[in-house]
Amino acid sequence: MTETKADQPAGEAKPRRRQARGERRIQQLLDAAASVFCRTGYAGASTNAIAREAGVSPGTLYQFFPNKEAIAVELGERLTHRMREAHGVLFTPEYASLPLDRMLDAVVDPMVEFNCQNPVFLTLIHSGDVPGLMTEDHAALHVALQARLEELIGFIQPALPPERRTRTATMVFSLFKAGLELVLAHEGEERAAYIEELKASLHGYLAPIIGAETPPRTP
């Protein structure tokens, strides 16, 4: 027999509404923390400053987070999850059929966009006293993405020795991270110009290794 809404306990909908309100409050606090961390750095941030930014009392904040370390860990976990989802479709064999310039557009643009929309991610990663759990999660994500890049390089140039693929992927990520800091330090037309400089640097490094044109199809 199917249970109707009228048959459900009257109080059952209330916990769901409370849960939804609680999630909205958590997101409000995390958004406020992101702003404070970007403005003052992790070390200079405080729970009082985060509460003020969110427009709530410190007591309200403590209902959800015991300290700023817990806030940073939760924020880092959510950003890492979103980055894993956003970048999970990158470095796939489908990109191997593209000319190098188009492949760089397809890979670099989403990664730059994510970091421009979430500058707090690098702010926390670069903080020396950020909770270790966050740095561990970021390191694991970096290893996974680099492994995917090595696979893509091997797919394009199967004759390339494994150790050369590893060095190439490591250099690509190092170039990208250095260029990304310059991109994030600028806005508007200057930011767009630095994105193009970043792609040009990657193109200049990769072209002699994997070629610049569309690889021949394997029979």
# chains A, B, ... in the order shown; residues from 1 in each chain; ligands from 1
$ residues_around --residues "Ile71 (chain A)" --least-positions-apart "2" --cutoff "12 Å" --atoms "only C-alpha atoms" --output "PyMOL selection string"
chain A and resi 26-34+36-37+42+45-47+50-51+61-69+73-78+124+130-131+134
$ write_last_selection --atoms "N, CA, C and O atoms" --output "compact mmCIF listing (two decimals), in the first residue's frame"
# COMPACT_ATOMS: atom_id res chain seq x y z
N ILE A 26 25.73 26.77 6.14
CA ILE A 26 27.11 26.30 5.99
C ILE A 26 27.74 26.91 4.75
O ILE A 26 28.88 27.40 4.79
N GLN A 27 27.02 26.91 3.63
CA GLN A 27 27.56 27.49 2.41
C GLN A 27 27.81 28.98 2.57
O GLN A 27 28.80 29.52 2.07
N GLN A 28 26.90 29.66 3.29
CA GLN A 28 27.08 31.08 3.56
C GLN A 28 28.37 31.32 4.34
O GLN A 28 29.15 32.24 4.02
N LEU A 29 28.64 30.50 5.32
CA LEU A 29 29.85 30.63 6.13
C LEU A 29 31.10 30.30 5.32
O LEU A 29 32.13 30.96 5.45
N LEU A 30 31.00 29.29 4.46
CA LEU A 30 32.15 28.92 3.63
C LEU A 30 32.46 30.02 2.61
O LEU A 30 33.63 30.32 2.36
N ASP A 31 31.42 30.62 2.04
CA ASP A 31 31.64 31.72 1.09
C ASP A 31 32.30 32.90 1.81
O ASP A 31 33.21 33.56 1.26
N ALA A 32 31.84 33.18 3.02
CA ALA A 32 32.44 34.26 3.80
C ALA A 32 33.89 33.95 4.14
O ALA A 32 34.77 34.82 4.06
N ALA A 33 34.16 32.71 4.51
CA ALA A 33 35.53 32.30 4.83
C ALA A 33 36.44 32.45 3.62
O ALA A 33 37.58 32.90 3.74
N ALA A 34 35.93 32.08 2.44
CA ALA A 34 36.73 32.21 1.23
C ALA A 34 37.13 33.67 1.00
O ALA A 34 38.28 33.97 0.65
N VAL A 36 37.38 36.06 3.32
CA VAL A 36 38.31 36.48 4.36
C VAL A 36 39.69 35.87 4.13
O VAL A 36 40.72 36.57 4.26
N PHE A 37 39.76 34.60 3.79
CA PHE A 37 41.05 33.95 3.53
C PHE A 37 41.79 34.65 2.39
O PHE A 37 43.01 34.84 2.45
N TYR A 42 45.27 32.85 5.34
CA TYR A 42 44.72 31.91 6.32
C TYR A 42 45.17 32.28 7.74
O TYR A 42 44.36 32.30 8.68
N ALA A 45 43.28 35.21 9.31
CA ALA A 45 41.82 35.10 9.43
C ALA A 45 41.43 34.65 10.83
O ALA A 45 42.20 34.02 11.55
N SER A 46 40.21 34.98 11.22
CA SER A 46 39.67 34.55 12.52
C SER A 46 38.21 34.18 12.34
O SER A 46 37.56 34.61 11.37
N THR A 47 37.70 33.41 13.28
CA THR A 47 36.28 33.05 13.21
C THR A 47 35.40 34.29 13.37
O THR A 47 34.33 34.35 12.77
N ILE A 50 35.20 35.93 10.01
CA ILE A 50 34.36 35.14 9.11
C ILE A 50 32.88 35.34 9.45
O ILE A 50 32.04 35.49 8.56
N ALA A 51 32.57 35.36 10.74
CA ALA A 51 31.19 35.58 11.16
C ALA A 51 30.70 36.95 10.71
O ALA A 51 29.57 37.10 10.22
N LEU A 61 28.12 30.79 14.07
CA LEU A 61 29.20 30.08 13.38
C LEU A 61 29.59 28.82 14.15
O LEU A 61 29.78 27.75 13.54
N TYR A 62 29.71 28.93 15.48
CA TYR A 62 30.16 27.79 16.28
C TYR A 62 29.13 26.66 16.33
O TYR A 62 29.45 25.54 16.73
N GLN A 63 27.90 26.94 15.92
CA GLN A 63 26.93 25.86 15.81
C GLN A 63 27.30 24.89 14.69
O GLN A 63 26.89 23.72 14.71
N PHE A 64 28.09 25.38 13.72
CA PHE A 64 28.44 24.56 12.56
C PHE A 64 29.91 24.19 12.51
O PHE A 64 30.26 23.12 11.99
N PHE A 65 30.78 25.06 13.01
CA PHE A 65 32.22 24.81 12.95
C PHE A 65 32.86 25.16 14.30
O PHE A 65 32.62 26.25 14.82
N PRO A 66 33.71 24.28 14.84
CA PRO A 66 34.33 24.56 16.14
C PRO A 66 35.46 25.57 16.06
O PRO A 66 35.79 26.22 17.05
N ASN A 67 36.08 25.74 14.88
CA ASN A 67 37.22 26.64 14.74
C ASN A 67 37.47 26.90 13.25
O ASN A 67 36.81 26.32 12.38
N LYS A 68 38.44 27.77 12.96
CA LYS A 68 38.69 28.11 11.55
C LYS A 68 39.36 26.95 10.82
O LYS A 68 39.24 26.84 9.59
N GLU A 69 40.08 26.08 11.56
CA GLU A 69 40.69 24.92 10.91
C GLU A 69 39.61 24.02 10.29
O GLU A 69 39.75 23.55 9.16
N VAL A 73 39.14 23.07 6.33
CA VAL A 73 39.10 21.68 5.87
C VAL A 73 37.84 21.43 5.05
O VAL A 73 37.90 20.82 3.97
N GLU A 74 36.70 21.90 5.54
CA GLU A 74 35.44 21.70 4.81
C GLU A 74 35.49 22.44 3.46
O GLU A 74 35.07 21.90 2.43
N LEU A 75 35.99 23.67 3.48
CA LEU A 75 36.09 24.44 2.24
C LEU A 75 37.04 23.74 1.27
O LEU A 75 36.73 23.62 0.07
N GLY A 76 38.16 23.26 1.77
CA GLY A 76 39.13 22.57 0.92
C GLY A 76 38.56 21.29 0.33
O GLY A 76 38.78 20.99 -0.85
N GLU A 77 37.82 20.53 1.13
CA GLU A 77 37.22 19.28 0.63
C GLU A 77 36.22 19.56 -0.48
O GLU A 77 36.19 18.86 -1.50
N ARG A 78 35.41 20.60 -0.31
CA ARG A 78 34.41 20.91 -1.34
C ARG A 78 35.07 21.40 -2.62
O ARG A 78 34.66 21.03 -3.72
N LEU A 124 44.83 28.96 0.12
CA LEU A 124 44.96 27.99 1.20
C LEU A 124 46.14 27.06 0.96
O LEU A 124 46.88 26.74 1.90
N VAL A 130 48.21 25.79 6.87
CA VAL A 130 46.89 25.25 6.56
C VAL A 130 46.80 23.82 7.08
O VAL A 130 47.82 23.12 7.15
N PRO A 131 45.62 23.35 7.50
CA PRO A 131 45.49 21.98 8.00
C PRO A 131 46.05 20.95 7.03
O PRO A 131 45.85 21.04 5.82
N MET A 134 44.02 19.08 4.18
CA MET A 134 43.75 19.76 2.92
C MET A 134 44.91 19.61 1.96
O MET A 134 44.73 19.37 0.77
$ residues_around --residues "Gln157 (chain A)" --least-positions-apart "4" --cutoff "10 Å" --atoms "only C-alpha atoms" --output "PyMOL selection string"
chain A and resi 96+151-153+161+165+209-211+215
$ write_last_selection --atoms "N, CA, C and O atoms" --output "short mmCIF file (atom, residue, chain, number, x, y, z; two decimals), in the first residue's frame"
data_model
loop_
_atom_site.label_atom_id
_atom_site.label_comp_id
_atom_site.auth_asym_id
_atom_site.auth_seq_id
_atom_site.Cartn_x
_atom_site.Cartn_y
_atom_site.Cartn_z
N ALA A 96 43.74 13.67 -27.81
CA ALA A 96 44.94 13.33 -28.57
C ALA A 96 44.77 13.56 -30.06
O ALA A 96 45.74 13.68 -30.80
N GLU A 151 49.48 9.68 -19.28
CA GLU A 151 48.80 8.75 -20.17
C GLU A 151 48.49 9.40 -21.51
O GLU A 151 48.64 8.78 -22.57
N LEU A 152 48.04 10.67 -21.47
CA LEU A 152 47.72 11.37 -22.70
C LEU A 152 48.97 11.57 -23.55
O LEU A 152 48.94 11.36 -24.78
N ILE A 153 50.08 11.94 -22.92
CA ILE A 153 51.34 12.12 -23.65
C ILE A 153 51.77 10.80 -24.28
O ILE A 153 52.20 10.76 -25.44
N PRO A 161 59.77 7.20 -23.93
CA PRO A 161 60.03 6.36 -22.75
C PRO A 161 59.22 6.84 -21.54
O PRO A 161 58.95 8.04 -21.40
N ARG A 165 58.06 10.69 -20.26
CA ARG A 165 56.67 11.11 -20.09
C ARG A 165 56.48 11.73 -18.70
O ARG A 165 55.79 12.75 -18.57
N ILE A 209 58.23 17.84 -28.44
CA ILE A 209 58.13 16.52 -27.80
C ILE A 209 57.00 15.70 -28.38
O ILE A 209 57.17 14.51 -28.70
N ILE A 210 55.83 16.30 -28.52
CA ILE A 210 54.67 15.53 -28.99
C ILE A 210 54.17 15.97 -30.35
O ILE A 210 53.26 15.35 -30.91
N GLY A 211 54.75 17.04 -30.91
CA GLY A 211 54.30 17.54 -32.20
C GLY A 211 53.19 18.55 -32.05
O GLY A 211 52.47 18.57 -31.03
N PRO A 215 47.90 14.28 -34.54
CA PRO A 215 48.61 13.02 -34.72
C PRO A 215 47.90 12.12 -35.72
O PRO A 215 46.68 12.17 -35.84
#
$ select_by_dssp --residues "region 3-127 of chain A" --states "helix (DSSP H, G or I)" --output "PyMOL selection string"
chain A and resi 13-44+47-54+58-62+68-87+93-97+100-117+120-125
$ write_last_selection --atoms "C-alpha atoms" --output "short mmCIF file (atom, residue, chain, number, x, y, z; two decimals), in the first residue's frame"
data_model
loop_
_atom_site.label_atom_id
_atom_site.label_comp_id
_atom_site.auth_asym_id
_atom_site.auth_seq_id
_atom_site.Cartn_x
_atom_site.Cartn_y
_atom_site.Cartn_z
CA ALA A 13 9.17 17.38 6.66
CA LYS A 14 10.56 19.68 9.36
CA PRO A 15 13.96 17.95 9.72
CA ARG A 16 14.34 18.13 5.95
CA ARG A 17 13.64 21.86 5.99
CA ARG A 18 16.03 22.32 8.92
CA GLN A 19 18.66 20.33 7.07
CA ALA A 20 18.25 22.51 3.95
CA ARG A 21 18.49 25.69 6.04
CA GLY A 22 21.57 24.28 7.76
CA GLU A 23 23.25 23.53 4.43
CA ARG A 24 22.51 27.05 3.20
CA ARG A 25 24.01 28.48 6.38
CA ILE A 26 27.11 26.30 5.99
CA GLN A 27 27.56 27.49 2.41
CA GLN A 28 27.08 31.08 3.56
CA LEU A 29 29.85 30.63 6.13
CA LEU A 30 32.15 28.92 3.63
CA ASP A 31 31.64 31.72 1.09
CA ALA A 32 32.44 34.26 3.80
CA ALA A 33 35.53 32.30 4.83
CA ALA A 34 36.73 32.21 1.23
CA SER A 35 36.50 36.01 1.05
CA VAL A 36 38.31 36.48 4.36
CA PHE A 37 41.05 33.95 3.53
CA CYS A 38 41.69 35.68 0.18
CA ARG A 39 41.78 39.11 1.81
CA THR A 40 43.86 38.40 4.91
CA GLY A 41 45.44 35.01 4.27
CA TYR A 42 44.72 31.91 6.32
CA ALA A 43 46.97 32.89 9.24
CA GLY A 44 45.42 36.35 9.53
CA THR A 47 36.28 33.05 13.21
CA ASN A 48 35.05 36.48 14.33
CA ALA A 49 36.06 37.99 10.97
CA ILE A 50 34.36 35.14 9.11
CA ALA A 51 31.19 35.58 11.16
CA ARG A 52 31.16 39.33 10.44
CA GLU A 53 31.65 38.67 6.72
CA ALA A 54 28.72 36.23 6.78
CA PRO A 58 30.13 34.05 16.33
CA GLY A 59 27.71 31.82 18.26
CA THR A 60 25.91 30.95 15.04
CA LEU A 61 29.20 30.08 13.38
CA TYR A 62 30.16 27.79 16.28
CA LYS A 68 38.69 28.11 11.55
CA GLU A 69 40.69 24.92 10.91
CA ALA A 70 37.42 22.99 10.52
CA ILE A 71 36.13 25.69 8.16
CA ALA A 72 39.28 25.48 6.02
CA VAL A 73 39.10 21.68 5.87
CA GLU A 74 35.44 21.70 4.81
CA LEU A 75 36.09 24.44 2.24
CA GLY A 76 39.13 22.57 0.92
CA GLU A 77 37.22 19.28 0.63
CA ARG A 78 34.41 20.91 -1.34
CA LEU A 79 36.78 22.73 -3.67
CA THR A 80 38.88 19.61 -4.23
CA HIS A 81 35.74 17.63 -5.03
CA ARG A 82 34.58 20.28 -7.48
CA MET A 83 38.02 20.46 -9.07
CA ARG A 84 38.13 16.67 -9.39
CA GLU A 85 34.74 16.75 -11.15
CA ALA A 86 35.67 19.70 -13.37
CA HIS A 87 39.06 18.31 -14.38
CA PRO A 93 42.41 10.13 -25.30
CA GLU A 94 39.83 12.19 -27.22
CA TYR A 95 42.10 15.21 -26.88
CA ALA A 96 44.94 13.33 -28.57
CA SER A 97 43.29 13.83 -31.97
CA LEU A 100 48.36 21.07 -29.93
CA ASP A 101 46.98 24.61 -29.89
CA ARG A 102 43.39 23.39 -29.77
CA MET A 103 44.26 20.76 -27.16
CA LEU A 104 45.79 23.46 -24.95
CA ASP A 105 42.63 25.58 -25.34
CA ALA A 106 40.48 22.60 -24.32
CA VAL A 107 42.61 21.73 -21.28
CA VAL A 108 44.00 25.05 -20.03
CA ASP A 109 40.86 27.19 -20.29
CA PRO A 110 38.71 25.12 -17.85
CA MET A 111 41.59 24.86 -15.35
CA VAL A 112 42.24 28.59 -15.46
CA GLU A 113 38.53 29.37 -15.20
CA PHE A 114 38.13 27.17 -12.11
CA ASN A 115 41.04 28.85 -10.32
CA CYS A 116 39.88 32.34 -11.31
CA GLN A 117 36.43 31.57 -9.90
CA VAL A 120 40.87 30.82 -2.27
CA PHE A 121 42.00 27.36 -3.40
CA LEU A 122 45.56 28.51 -4.13
CA THR A 123 45.49 30.90 -1.17
CA LEU A 124 44.96 27.99 1.20
CA ILE A 125 47.40 25.68 -0.58
#
$ residues_around --residues "Arg191 (chain A)" --least-positions-apart "4" --cutoff "12 Å" --atoms "only C-alpha atoms" --output "number ranges by chain"
A: 112-113, 116, 179-187, 195-198
$ write_last_selection --atoms "N, CA, C and O atoms" --output "short mmCIF file (atom, residue, chain, number, x, y, z; two decimals), in the first residue's frame"
data_model
loop_
_atom_site.label_atom_id
_atom_site.label_comp_id
_atom_site.auth_asym_id
_atom_site.auth_seq_id
_atom_site.Cartn_x
_atom_site.Cartn_y
_atom_site.Cartn_z
N VAL A 112 42.07 27.18 -15.82
CA VAL A 112 42.24 28.59 -15.46
C VAL A 112 40.93 29.17 -14.94
O VAL A 112 40.90 29.88 -13.92
N GLU A 113 39.84 28.85 -15.61
CA GLU A 113 38.53 29.37 -15.20
C GLU A 113 38.19 28.93 -13.78
O GLU A 113 37.72 29.74 -12.96
N CYS A 116 40.29 30.93 -11.36
CA CYS A 116 39.88 32.34 -11.31
C CYS A 116 38.59 32.50 -10.53
O CYS A 116 38.39 33.50 -9.82
N GLY A 179 52.55 30.01 -14.40
CA GLY A 179 51.75 30.92 -15.22
C GLY A 179 50.44 31.27 -14.57
O GLY A 179 49.96 32.41 -14.69
N LEU A 180 49.85 30.31 -13.85
CA LEU A 180 48.55 30.56 -13.20
C LEU A 180 48.66 31.66 -12.16
O LEU A 180 47.74 32.48 -12.02
N GLU A 181 49.76 31.72 -11.44
CA GLU A 181 49.94 32.78 -10.44
C GLU A 181 49.94 34.15 -11.11
O GLU A 181 49.38 35.12 -10.57
N LEU A 182 50.57 34.25 -12.27
CA LEU A 182 50.55 35.52 -13.00
C LEU A 182 49.15 35.84 -13.51
O LEU A 182 48.72 36.99 -13.48
N VAL A 183 48.44 34.83 -13.99
CA VAL A 183 47.07 35.03 -14.47
C VAL A 183 46.20 35.57 -13.35
O VAL A 183 45.44 36.55 -13.52
N LEU A 184 46.28 34.96 -12.17
CA LEU A 184 45.43 35.36 -11.05
C LEU A 184 45.81 36.74 -10.51
O LEU A 184 44.99 37.39 -9.85
N ALA A 185 47.03 37.17 -10.76
CA ALA A 185 47.49 38.47 -10.26
C ALA A 185 47.01 39.63 -11.13
O ALA A 185 47.25 40.79 -10.80
N HIS A 186 46.36 39.33 -12.25
CA HIS A 186 45.90 40.37 -13.17
C HIS A 186 44.42 40.19 -13.47
O HIS A 186 43.83 39.16 -13.17
N GLU A 187 43.84 41.22 -14.06
CA GLU A 187 42.41 41.18 -14.41
C GLU A 187 42.22 41.73 -15.81
O GLU A 187 43.11 42.36 -16.39
N ILE A 195 47.02 34.62 -20.03
CA ILE A 195 46.53 33.28 -20.38
C ILE A 195 47.12 32.85 -21.72
O ILE A 195 47.56 31.71 -21.88
N GLU A 196 47.16 33.78 -22.68
CA GLU A 196 47.74 33.46 -23.98
C GLU A 196 49.24 33.22 -23.85
O GLU A 196 49.80 32.35 -24.54
N GLU A 197 49.92 33.98 -23.00
CA GLU A 197 51.35 33.75 -22.77
C GLU A 197 51.58 32.37 -22.15
O GLU A 197 52.54 31.67 -22.50
N LEU A 198 50.71 31.99 -21.25
CA LEU A 198 50.82 30.67 -20.63
C LEU A 198 50.68 29.57 -21.68
O LEU A 198 51.47 28.62 -21.72
#
$ atom_distance --atom1 "CA of Gly188 (chain A)" --atom2 "CA of Ala207 (chain A)"
28.5 Å
$ atom_distance --atom1 "CA of Ala169 (chain A)" --atom2 "CA of Glu150 (chain A)"
5.7 Å
$ atom_distance --atom1 "CA of His142 (chain A)" --atom2 "CA of Phe173 (chain A)"
8.9 Å
